[in-house]
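Content type compact mmCIF, C-alpha atoms, from the file my_file25.txt:
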```
# COMPACT_ATOMS: atom_id res chain seq x y z
CA GLU H 1 -2.09 15.54 40.99
CA ALA H 2 -2.56 12.47 38.82
CA GLN H 3 -6.07 12.42 37.51
CA VAL H 4 -8.55 11.54 34.82
CA THR H 5 -10.91 14.42 34.11
CA GLN H 6 -14.29 14.01 32.46
CA ASN H 7 -16.62 16.75 31.28
CA PRO H 8 -19.43 17.34 31.68
CA ARG H 9 -20.27 15.59 34.96
CA TYR H 10 -23.98 15.78 34.26
CA LEU H 11 -25.93 16.30 31.06
CA ILE H 12 -29.59 16.14 30.18
CA THR H 13 -30.28 16.31 26.46
CA VAL H 14 -32.72 15.17 23.83
CA THR H 15 -32.76 12.31 21.36
CA GLY H 16 -30.71 12.93 18.25
CA LYS H 17 -28.69 15.89 19.46
CA LYS H 18 -25.01 15.08 18.99
CA LEU H 19 -22.90 15.27 22.11
CA THR H 20 -19.31 14.73 23.13
CA VAL H 21 -18.01 13.72 26.53
CA THR H 22 -14.40 14.69 26.97
CA CYS H 23 -11.78 12.72 28.87
CA SER H 24 -8.28 13.88 29.64
CA GLN H 25 -5.50 12.26 31.69
CA ASN H 26 -2.28 13.85 32.91
CA MET H 27 -0.29 10.67 33.59
CA ASN H 28 1.09 10.05 30.09
CA HIS H 29 -0.87 6.79 29.97
CA GLU H 30 -0.98 4.88 26.72
CA TYR H 31 -4.19 2.96 27.40
CA MET H 32 -7.57 4.65 27.74
CA SER H 33 -11.09 3.29 27.70
CA TRP H 34 -14.73 4.15 28.16
CA TYR H 35 -17.23 2.21 30.26
CA ARG H 36 -20.89 2.58 30.94
CA GLN H 37 -22.40 1.53 34.25
CA ASP H 38 -26.02 0.45 34.47
CA PRO H 39 -27.93 -1.06 37.40
CA GLY H 40 -27.86 -4.83 37.26
CA LEU H 41 -25.42 -4.85 34.36
CA GLY H 42 -22.27 -3.60 36.05
CA LEU H 43 -19.53 -1.89 34.05
CA ARG H 44 -19.34 -2.64 30.38
CA GLN H 45 -16.58 -1.47 28.11
CA ILE H 46 -17.60 0.68 25.14
CA TYR H 47 -14.31 1.44 23.37
CA TYR H 48 -10.65 1.39 24.20
CA SER H 49 -7.45 2.81 22.83
CA MET H 50 -3.99 1.35 23.19
CA ASN H 51 -2.25 4.48 21.93
CA VAL H 52 -2.62 7.49 19.67
CA GLU H 53 -4.65 6.65 16.57
CA VAL H 54 -5.25 3.09 17.82
CA THR H 55 -8.81 2.39 18.95
CA ASP H 56 -10.99 -0.70 19.09
CA LYS H 57 -14.47 -1.77 20.08
CA GLY H 58 -15.32 -3.03 23.52
CA ASP H 59 -18.42 -5.00 24.46
CA VAL H 60 -21.08 -2.38 23.73
CA PRO H 61 -19.79 -0.02 20.99
CA GLU H 62 -23.06 0.51 19.07
CA GLY H 63 -24.10 4.14 18.92
CA TYR H 64 -20.73 5.49 20.06
CA LYS H 65 -17.60 6.83 18.41
CA VAL H 66 -14.20 7.68 19.81
CA SER H 67 -11.01 9.27 18.62
CA ARG H 68 -7.47 9.40 19.96
CA LYS H 69 -5.61 12.20 18.25
CA GLU H 70 -3.50 13.04 21.28
CA LYS H 71 -2.21 10.80 24.01
CA ARG H 72 -3.94 12.65 26.82
CA ASN H 73 -7.44 12.95 25.32
CA PHE H 74 -10.02 10.32 24.49
CA PRO H 75 -13.43 11.86 23.74
CA LEU H 76 -16.62 9.80 23.54
CA ILE H 77 -19.02 10.91 20.82
CA LEU H 78 -22.71 10.13 20.62
CA GLU H 79 -23.68 11.15 17.08
CA SER H 80 -27.41 10.57 17.54
CA PRO H 81 -28.13 9.82 21.19
CA SER H 82 -31.10 7.68 22.11
CA PRO H 83 -32.80 7.06 25.48
CA ASN H 84 -31.13 3.65 25.86
CA GLN H 85 -27.83 5.50 26.12
CA THR H 86 -28.94 7.08 29.38
CA SER H 87 -26.29 5.85 31.75
CA LEU H 88 -23.32 6.67 33.95
CA TYR H 89 -20.14 6.83 31.88
CA PHE H 90 -16.58 6.41 33.07
CA CYS H 91 -13.29 7.07 31.37
CA ALA H 92 -10.27 5.14 32.59
CA SER H 93 -6.58 5.03 31.79
CA SER H 94 -3.54 2.95 32.60
CA TYR H 95 0.12 2.96 31.70
CA SER H 96 -0.17 0.29 29.03
CA ARG H 97 -2.53 -2.66 28.98
CA SER H 98 -6.03 -2.86 30.37
CA ASN H 99 -5.11 -5.63 32.79
CA GLN H 100 -3.08 -3.15 34.80
CA PRO H 101 -4.63 -0.96 37.51
CA GLN H 102 -6.98 1.54 35.98
CA HIS H 103 -7.38 5.17 36.99
CA PHE H 104 -10.99 6.24 36.65
CA GLY H 105 -12.58 9.62 36.16
CA ASP H 106 -15.46 10.69 38.41
CA GLY H 107 -18.07 9.82 35.82
CA THR H 108 -20.55 11.56 33.56
CA ARG H 109 -24.24 11.03 34.15
CA LEU H 110 -26.08 11.31 30.85
CA SER H 111 -29.85 11.48 30.52
CA ILE H 112 -31.25 11.28 27.01
CA LEU H 113 -34.91 12.28 26.83
CA SER M 1 -21.34 -14.27 30.73
CA GLN M 2 -17.70 -13.30 30.94
CA GLN M 3 -18.43 -11.18 33.97
CA GLY M 4 -17.45 -12.41 37.39
CA GLU M 5 -19.99 -13.16 40.01
CA GLU M 6 -19.75 -11.39 43.32
CA ASP M 7 -21.21 -12.55 46.55
CA PRO M 8 -22.95 -11.22 48.50
CA GLN M 9 -24.65 -8.50 46.47
CA ALA M 10 -25.10 -6.49 49.65
CA LEU M 11 -23.51 -6.67 53.07
CA SER M 12 -24.35 -4.70 56.20
CA ILE M 13 -22.09 -4.84 59.25
CA GLN M 14 -21.22 -2.87 62.37
CA GLU M 15 -18.10 -0.77 62.67
CA GLY M 16 -15.20 -2.85 63.89
CA GLU M 17 -16.41 -6.07 62.30
CA ASN M 18 -14.68 -7.73 59.38
CA ALA M 19 -16.23 -7.73 55.91
CA THR M 20 -15.64 -10.51 53.40
CA MET M 21 -16.61 -10.29 49.76
CA ASN M 22 -16.19 -13.06 47.24
CA CYS M 23 -15.66 -13.10 43.51
CA SER M 24 -15.85 -16.01 41.10
CA TYR M 25 -14.93 -16.10 37.45
CA LYS M 26 -15.17 -18.51 34.57
CA THR M 27 -12.10 -18.24 32.38
CA SER M 28 -8.38 -17.91 32.87
CA ILE M 29 -6.87 -14.75 34.26
CA ASN M 30 -3.66 -12.82 34.14
CA ASN M 31 -4.54 -11.02 37.33
CA LEU M 32 -7.51 -10.10 39.47
CA GLN M 33 -8.12 -6.61 40.74
CA TRP M 34 -10.38 -5.10 43.37
CA TYR M 35 -11.86 -1.63 43.12
CA ARG M 36 -13.93 0.55 45.40
CA GLN M 37 -16.65 2.96 44.30
CA ASN M 38 -18.06 5.54 46.63
CA SER M 39 -21.55 6.72 45.79
CA GLY M 40 -21.50 9.01 42.77
CA ARG M 41 -17.76 8.70 42.22
CA GLY M 42 -15.39 6.83 39.98
CA LEU M 43 -13.78 3.53 40.82
CA VAL M 44 -10.59 3.52 42.82
CA HIS M 45 -8.08 0.72 42.45
CA LEU M 46 -7.41 -1.09 45.73
CA ILE M 47 -5.24 -4.10 45.05
CA LEU M 48 -4.05 -6.37 42.24
CA ILE M 49 -3.19 -10.02 42.71
CA ARG M 50 -1.43 -11.93 39.96
CA SER M 51 -2.47 -15.39 38.89
CA ASN M 52 0.65 -16.92 40.47
CA GLU M 53 0.00 -15.29 43.85
CA ARG M 54 -2.26 -16.69 46.54
CA GLU M 55 -2.56 -13.87 49.03
CA LYS M 56 -1.83 -10.18 49.18
CA HIS M 57 -2.17 -7.55 51.89
CA SER M 58 -2.54 -3.80 51.81
CA GLY M 59 -3.26 -2.10 55.12
CA ARG M 60 -6.58 -3.48 56.38
CA LEU M 61 -7.21 -5.28 53.10
CA ARG M 62 -6.42 -8.91 52.48
CA VAL M 63 -7.04 -10.53 49.11
CA THR M 64 -6.81 -14.22 48.39
CA LEU M 65 -6.87 -15.97 45.05
CA ASP M 66 -7.63 -19.62 44.35
CA THR M 67 -7.12 -20.26 40.65
CA SER M 68 -8.19 -23.89 40.96
CA LYS M 69 -11.60 -22.75 42.18
CA LYS M 70 -11.54 -19.62 40.02
CA SER M 71 -12.38 -17.46 42.99
CA SER M 72 -11.03 -14.56 45.01
CA SER M 73 -12.01 -12.91 48.25
CA LEU M 74 -11.51 -9.47 49.70
CA LEU M 75 -11.37 -9.13 53.47
CA ILE M 76 -11.60 -5.74 55.13
CA THR M 77 -10.61 -5.99 58.76
CA ALA M 78 -11.82 -3.69 61.54
CA SER M 79 -14.22 -1.93 59.20
CA ARG M 80 -15.06 1.75 59.53
CA ALA M 81 -18.07 3.77 58.46
CA ALA M 82 -15.85 5.32 55.77
CA ASP M 83 -15.51 1.86 54.17
CA THR M 84 -19.14 2.09 53.09
CA ALA M 85 -18.99 1.75 49.30
CA SER M 86 -19.45 -0.70 46.46
CA TYR M 87 -16.60 -3.10 45.86
CA PHE M 88 -15.89 -4.65 42.48
CA CYS M 89 -13.62 -7.40 41.36
CA ALA M 90 -12.21 -7.17 37.86
CA ARG M 91 -10.59 -9.90 35.88
CA GLY M 92 -7.57 -8.94 33.85
CA ALA M 93 -7.68 -11.29 30.92
CA GLY M 94 -4.61 -12.99 29.61
CA TRP M 95 -3.00 -12.14 26.32
CA ILE M 96 -4.95 -14.70 24.34
CA TYR M 97 -8.13 -12.83 25.10
CA ASN M 98 -6.72 -9.43 25.32
CA GLN M 99 -4.98 -7.38 22.70
CA GLY M 100 -4.66 -4.82 25.44
CA GLY M 101 -8.32 -4.13 25.61
CA LYS M 102 -10.32 -5.74 28.35
CA LEU M 103 -10.82 -5.68 32.08
CA ILE M 104 -13.98 -7.55 32.99
CA PHE M 105 -15.85 -6.33 36.03
CA GLY M 106 -18.15 -8.19 38.37
CA GLN M 107 -21.50 -6.81 39.48
CA GLY M 108 -20.15 -5.54 42.77
CA THR M 109 -20.94 -5.88 46.46
CA GLU M 110 -22.57 -2.99 48.29
CA LEU M 111 -21.01 -2.71 51.72
CA SER M 112 -22.69 -0.69 54.44
CA VAL M 113 -20.78 -0.17 57.68
CA LYS M 114 -22.94 1.18 60.48
CA PRO M 115 -21.33 3.32 63.18
```

Written as C-alpha cells, that's how I'd like the structure from this file.
Amino acid sequence: EAQVTQNPRYLITVTGKKLTVTCSQNMNHEYMSWYRQDPGLGLRQIYYSMNVEVTDKGDVPEGYKVSRKEKRNFPLILESPSPNQTSLYFCASSYSRSNQPQHFGDGTRLSIL
Amino acid sequence: SQQGEEDPQALSIQEGENATMNCSYKTSINNLQWYRQNSGRGLVHLILIRSNEREKHSGRLRVTLDTSKKSSSLLITASRAADTASYFCARGAGWIYNQGGKLIFGQGTELSVKP
C-alpha cells in the first residue's frame, strides 16, 4: 500500500530536549516536505527536499533541521525544542514537484512543555 | 499573505444537500488542488485543476476555476455524513515562484453533514 509513515504519532517532551520525527515513503517519490498546522494559521511549510541531498527552507524553517540521505526518508529534527513548536506536523511527498498532488502522512502531534 | 482565502470557514448542512466551498487567491497559479482532512488525520488529495481548465468532475465532486477572478469552488453533491471533514484548497505556484518547493494552502472550510 502506498503510504507516508510518520513516527511518533504523539510526543510530549520538554524544552531543549532534542527530538527527531521520522518520515518514510514507499512510493519512490523525489519530492518530500514538512508542514506544521496551527489553528488560525493553516498549513505552513517548514522545509522541503527535491531529491537526495537537496533540501531548502520553506516558510517557517527557524528551529528545525532536515536531512535527505536516502530517497525514502526525510526526518525532521528539533535540536532544542521550544513551546512555540508545539503543533501538528505533517510530512508529505509527491513524484516530483510540490505543485503535484501530495501524499500526506497521518501527522505527529508534538507538545513541548 | 500568499495563502488563499476560503469561504465559508464553517458550513453545516443536512445529508443529501449540496455543499459549496469557495477559495480565492492572489497570485498566478500553475494549478489549484483540493484536499480533505478528517479529524486527527492527514490531508487526502481530492482533485487537481490546471490553470487552463475551467471545470473538473470526480464522482460527487465538481471543481470550477475562474482565473480571471482568481477563485475556485468545490461542490459536493448529495452530501453524506461521511463527508464531514475540513476541506482545503492549495495553490500550486508556477515555476517563477517555485523551484519545486511550494504548495500554498488556504485556511480550510469545516464541513459538518448532519444525518

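Residues from chain H found within 8 Å of chain M are Gly40, Leu41, Gly42, Leu43, Arg44, Gln45, Tyr48, Ser49, Met50, Asp56, Gly58, Phe90, Ser96, Arg97, Ser98, Asn99, Gln100, Pro101, Gln102, His103, Phe104, Gly105, Asp106 and Gly107 of chain H, counting all atoms listed in the file.
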
Write out as an mmCIF file with C-alpha atoms, keeping the file's coordinate frame the residues lying within 9 Å of stretch 8-21 of chain H, counting all atoms listed in the file and excluding same-chain residues fewer than 2 positions away.
```cif
data_model
loop_
_atom_site.group_PDB
_atom_site.id
_atom_site.type_symbol
_atom_site.label_atom_id
_atom_site.label_comp_id
_atom_site.auth_asym_id
_atom_site.auth_seq_id
_atom_site.Cartn_x
_atom_site.Cartn_y
_atom_site.Cartn_z
ATOM 1 C CA GLN H 6 -14.290 14.010 32.460
ATOM 2 C CA CYS H 23 -11.780 12.720 28.870
ATOM 3 C CA PHE H 74 -10.020 10.320 24.490
ATOM 4 C CA PRO H 75 -13.430 11.860 23.740
ATOM 5 C CA LEU H 76 -16.620 9.800 23.540
ATOM 6 C CA ILE H 77 -19.020 10.910 20.820
ATOM 7 C CA LEU H 78 -22.710 10.130 20.620
ATOM 8 C CA GLU H 79 -23.680 11.150 17.080
ATOM 9 C CA SER H 80 -27.410 10.570 17.540
ATOM 10 C CA PRO H 81 -28.130 9.820 21.190
ATOM 11 C CA SER H 82 -31.100 7.680 22.110
ATOM 12 C CA PRO H 83 -32.800 7.060 25.480
ATOM 13 C CA TYR H 89 -20.140 6.830 31.880
ATOM 14 C CA ASP H 106 -15.460 10.690 38.410
ATOM 15 C CA GLY H 107 -18.070 9.820 35.820
ATOM 16 C CA THR H 108 -20.550 11.560 33.560
ATOM 17 C CA ARG H 109 -24.240 11.030 34.150
ATOM 18 C CA LEU H 110 -26.080 11.310 30.850
ATOM 19 C CA SER H 111 -29.850 11.480 30.520
ATOM 20 C CA ILE H 112 -31.250 11.280 27.010
ATOM 21 C CA LEU H 113 -34.910 12.280 26.830
#
```

Edge lengths and centre in Å to one decimal, as lines of an AutoDock Vina configuration file, is what I'm after for the box along x, y and z that holds all listed atoms of stretch 30-33 of chain M once 5 Å is added on each side.
```
center_x = -5.9
center_y = -9.7
center_z = 37.4
size_x = 14.5
size_y = 16.2
size_z = 16.6
```

* Mind pulling up the distance from atom CA of H:Ser33 to atom CA of M:Gln9? ->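 Calculated distance between atom CA of M:Gln9 and atom CA of H:Ser33 is 26.0 Å.
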
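Taking atom CA of M:Asn18 as the reference point, atom CA of H:Pro39 is found at 26.5 Å.
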
* Asked: Expressed in Å to a single decimal, how great is the separation between atom CA of H:Tyr95 and atom CA of H:Arg68?
  ->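 Taking atom CA of H:Tyr95 and atom CA of H:Arg68, their separation equals 15.4 Å.
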
For stretch 75-81 of chain M, list every protein, DNA or RNA residue within 8 Å, evaluated using only C-alpha atoms, and leave out those in the same chain fewer than 4 positions away; present the list as a PDB file with C-alpha atoms, keeping the file's coordinate frame.
```pdb
ATOM      1  CA  GLN M  14     -21.220  -2.870  62.370  1.00  0.00           C
ATOM      2  CA  GLU M  15     -18.100  -0.770  62.670  1.00  0.00           C
ATOM      3  CA  GLY M  16     -15.200  -2.850  63.890  1.00  0.00           C
ATOM      4  CA  GLU M  17     -16.410  -6.070  62.300  1.00  0.00           C
ATOM      5  CA  ASN M  18     -14.680  -7.730  59.380  1.00  0.00           C
ATOM      6  CA  ALA M  19     -16.230  -7.730  55.910  1.00  0.00           C
ATOM      7  CA  THR M  20     -15.640 -10.510  53.400  1.00  0.00           C
ATOM      8  CA  MET M  21     -16.610 -10.290  49.760  1.00  0.00           C
ATOM      9  CA  ARG M  60      -6.580  -3.480  56.380  1.00  0.00           C
ATOM     10  CA  LEU M  61      -7.210  -5.280  53.100  1.00  0.00           C
ATOM     11  CA  ARG M  62      -6.420  -8.910  52.480  1.00  0.00           C
ATOM     12  CA  VAL M  63      -7.040 -10.530  49.110  1.00  0.00           C
ATOM     13  CA  SER M 112     -22.690  -0.690  54.440  1.00  0.00           C
ATOM     14  CA  VAL M 113     -20.780  -0.170  57.680  1.00  0.00           C
ATOM     15  CA  LYS M 114     -22.940   1.180  60.480  1.00  0.00           C
ATOM     16  CA  PRO M 115     -21.330   3.320  63.180  1.00  0.00           C
TER      17      PRO M 115
END
```

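Considering the residues M:Ser72, M:Leu111, M:Ser58, M:Ser39 and counting only C-alpha atoms, M:Glu5 has its shortest atom-to-atom contact with M:Ser72.
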
* To do: Tell me which of H:Asn51, H:Gln25, H:Gln3, H:Thr86 sits closest to H:Asp38, counting all atoms listed in the file.
  =>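 Looking at the shortest contact to H:Asp38, the residue is H:Thr86.
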
* Among the residues M:Lys56, M:Ala85, M:Asn38, M:Ser71, the one that comes closest to M:Lys26 [using all atoms listed in the file] -> M:Ser71

Produce stretch 41-52 of chain H of the given structure as output with all heavy atoms, as a PDB file, in the first residue's frame.
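Written file, result_34.pdb:
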```
ATOM      1  N   LEU H  41      -3.828  29.465  11.493  1.00  0.00           N
ATOM      2  CA  LEU H  41      -2.688  29.736  10.611  1.00  0.00           C
ATOM      3  C   LEU H  41      -2.612  28.765   9.438  1.00  0.00           C
ATOM      4  O   LEU H  41      -1.815  28.948   8.526  1.00  0.00           O
ATOM      5  CB  LEU H  41      -1.386  29.683  11.402  1.00  0.00           C
ATOM      6  CG  LEU H  41      -1.239  30.729  12.496  1.00  0.00           C
ATOM      7  CD1 LEU H  41       0.047  30.510  13.276  1.00  0.00           C
ATOM      8  CD2 LEU H  41      -1.242  32.147  11.905  1.00  0.00           C
ATOM      9  N   GLY H  42      -3.408  27.715   9.487  1.00  0.00           N
ATOM     10  CA  GLY H  42      -3.412  26.756   8.390  1.00  0.00           C
ATOM     11  C   GLY H  42      -2.135  25.932   8.346  1.00  0.00           C
ATOM     12  O   GLY H  42      -1.437  25.763   9.349  1.00  0.00           O
ATOM     13  N   LEU H  43      -1.819  25.427   7.170  1.00  0.00           N
ATOM     14  CA  LEU H  43      -0.597  24.639   6.983  1.00  0.00           C
ATOM     15  C   LEU H  43       0.516  25.536   6.468  1.00  0.00           C
ATOM     16  O   LEU H  43       0.330  26.264   5.497  1.00  0.00           O
ATOM     17  CB  LEU H  43      -0.820  23.529   5.953  1.00  0.00           C
ATOM     18  CG  LEU H  43      -1.396  22.242   6.489  1.00  0.00           C
ATOM     19  CD1 LEU H  43      -2.898  22.280   6.401  1.00  0.00           C
ATOM     20  CD2 LEU H  43      -0.878  21.049   5.694  1.00  0.00           C
ATOM     21  N   ARG H  44       1.639  25.448   7.115  1.00  0.00           N
ATOM     22  CA  ARG H  44       2.789  26.234   6.683  1.00  0.00           C
ATOM     23  C   ARG H  44       3.967  25.297   6.461  1.00  0.00           C
ATOM     24  O   ARG H  44       4.238  24.427   7.270  1.00  0.00           O
ATOM     25  CB  ARG H  44       3.132  27.278   7.745  1.00  0.00           C
ATOM     26  CG  ARG H  44       2.055  28.350   7.919  1.00  0.00           C
ATOM     27  CD  ARG H  44       2.423  29.330   9.005  1.00  0.00           C
ATOM     28  NE  ARG H  44       2.415  28.692  10.317  1.00  0.00           N
ATOM     29  CZ  ARG H  44       2.941  29.227  11.413  1.00  0.00           C
ATOM     30  NH1 ARG H  44       3.510  30.419  11.349  1.00  0.00           N
ATOM     31  NH2 ARG H  44       2.879  28.588  12.566  1.00  0.00           N
ATOM     32  N   GLN H  45       4.660  25.531   5.369  1.00  0.00           N
ATOM     33  CA  GLN H  45       5.754  24.640   5.006  1.00  0.00           C
ATOM     34  C   GLN H  45       7.012  24.983   5.802  1.00  0.00           C
ATOM     35  O   GLN H  45       7.407  26.142   5.904  1.00  0.00           O
ATOM     36  CB  GLN H  45       6.038  24.733   3.520  1.00  0.00           C
ATOM     37  CG  GLN H  45       6.983  23.655   3.010  1.00  0.00           C
ATOM     38  CD  GLN H  45       7.277  23.819   1.536  1.00  0.00           C
ATOM     39  OE1 GLN H  45       7.731  24.861   1.079  1.00  0.00           O
ATOM     40  NE2 GLN H  45       6.993  22.782   0.763  1.00  0.00           N
ATOM     41  N   ILE H  46       7.666  23.950   6.320  1.00  0.00           N
ATOM     42  CA  ILE H  46       8.867  24.145   7.136  1.00  0.00           C
ATOM     43  C   ILE H  46      10.118  23.982   6.267  1.00  0.00           C
ATOM     44  O   ILE H  46      10.946  24.882   6.170  1.00  0.00           O
ATOM     45  CB  ILE H  46       8.899  23.131   8.291  1.00  0.00           C
ATOM     46  CG1 ILE H  46       7.636  23.259   9.152  1.00  0.00           C
ATOM     47  CG2 ILE H  46      10.147  23.341   9.144  1.00  0.00           C
ATOM     48  CD1 ILE H  46       7.477  22.138  10.176  1.00  0.00           C
ATOM     49  N   TYR H  47      10.254  22.834   5.670  1.00  0.00           N
ATOM     50  CA  TYR H  47      11.364  22.516   4.772  1.00  0.00           C
ATOM     51  C   TYR H  47      10.850  21.608   3.674  1.00  0.00           C
ATOM     52  O   TYR H  47       9.839  20.935   3.836  1.00  0.00           O
ATOM     53  CB  TYR H  47      12.493  21.778   5.523  1.00  0.00           C
ATOM     54  CG  TYR H  47      13.564  22.642   6.095  1.00  0.00           C
ATOM     55  CD1 TYR H  47      13.516  23.044   7.430  1.00  0.00           C
ATOM     56  CD2 TYR H  47      14.655  23.041   5.329  1.00  0.00           C
ATOM     57  CE1 TYR H  47      14.520  23.835   7.976  1.00  0.00           C
ATOM     58  CE2 TYR H  47      15.656  23.837   5.870  1.00  0.00           C
ATOM     59  CZ  TYR H  47      15.574  24.229   7.194  1.00  0.00           C
ATOM     60  OH  TYR H  47      16.576  25.001   7.735  1.00  0.00           O
ATOM     61  N   TYR H  48      11.578  21.593   2.570  1.00  0.00           N
ATOM     62  CA  TYR H  48      11.266  20.646   1.517  1.00  0.00           C
ATOM     63  C   TYR H  48      12.551  20.105   0.914  1.00  0.00           C
ATOM     64  O   TYR H  48      13.641  20.658   1.122  1.00  0.00           O
ATOM     65  CB  TYR H  48      10.378  21.278   0.440  1.00  0.00           C
ATOM     66  CG  TYR H  48      11.016  22.397  -0.349  1.00  0.00           C
ATOM     67  CD1 TYR H  48      11.678  22.154  -1.551  1.00  0.00           C
ATOM     68  CD2 TYR H  48      10.929  23.719   0.093  1.00  0.00           C
ATOM     69  CE1 TYR H  48      12.241  23.178  -2.281  1.00  0.00           C
ATOM     70  CE2 TYR H  48      11.489  24.751  -0.637  1.00  0.00           C
ATOM     71  CZ  TYR H  48      12.137  24.477  -1.810  1.00  0.00           C
ATOM     72  OH  TYR H  48      12.693  25.510  -2.538  1.00  0.00           O
ATOM     73  N   SER H  49      12.375  19.015   0.177  1.00  0.00           N
ATOM     74  CA  SER H  49      13.520  18.376  -0.471  1.00  0.00           C
ATOM     75  C   SER H  49      13.098  17.908  -1.855  1.00  0.00           C
ATOM     76  O   SER H  49      12.104  17.197  -1.998  1.00  0.00           O
ATOM     77  CB  SER H  49      13.994  17.180   0.350  1.00  0.00           C
ATOM     78  OG  SER H  49      14.933  16.410  -0.391  1.00  0.00           O
ATOM     79  N   MET H  50      13.851  18.320  -2.852  1.00  0.00           N
ATOM     80  CA  MET H  50      13.528  17.922  -4.218  1.00  0.00           C
ATOM     81  C   MET H  50      14.147  16.598  -4.597  1.00  0.00           C
ATOM     82  O   MET H  50      13.746  15.985  -5.586  1.00  0.00           O
ATOM     83  CB  MET H  50      13.957  19.010  -5.188  1.00  0.00           C
ATOM     84  CG  MET H  50      13.137  20.263  -5.048  1.00  0.00           C
ATOM     85  SD  MET H  50      13.553  21.513  -6.268  1.00  0.00           S
ATOM     86  CE  MET H  50      12.987  20.691  -7.760  1.00  0.00           C
ATOM     87  N   ASN H  51      15.143  16.155  -3.839  1.00  0.00           N
ATOM     88  CA  ASN H  51      15.751  14.855  -4.106  1.00  0.00           C
ATOM     89  C   ASN H  51      16.807  14.604  -3.036  1.00  0.00           C
ATOM     90  O   ASN H  51      17.015  15.434  -2.144  1.00  0.00           O
ATOM     91  CB  ASN H  51      16.364  14.805  -5.504  1.00  0.00           C
ATOM     92  CG  ASN H  51      16.253  13.424  -6.140  1.00  0.00           C
ATOM     93  OD1 ASN H  51      16.368  12.400  -5.449  1.00  0.00           O
ATOM     94  ND2 ASN H  51      16.023  13.387  -7.427  1.00  0.00           N
ATOM     95  N   VAL H  52      17.464  13.487  -3.141  1.00  0.00           N
ATOM     96  CA  VAL H  52      18.502  13.140  -2.158  1.00  0.00           C
ATOM     97  C   VAL H  52      19.542  14.240  -2.105  1.00  0.00           C
ATOM     98  O   VAL H  52      19.996  14.740  -3.142  1.00  0.00           O
ATOM     99  CB  VAL H  52      19.152  11.794  -2.530  1.00  0.00           C
ATOM    100  CG1 VAL H  52      20.301  11.474  -1.577  1.00  0.00           C
ATOM    101  CG2 VAL H  52      18.120  10.684  -2.511  1.00  0.00           C
TER     102      VAL H  52
END
```
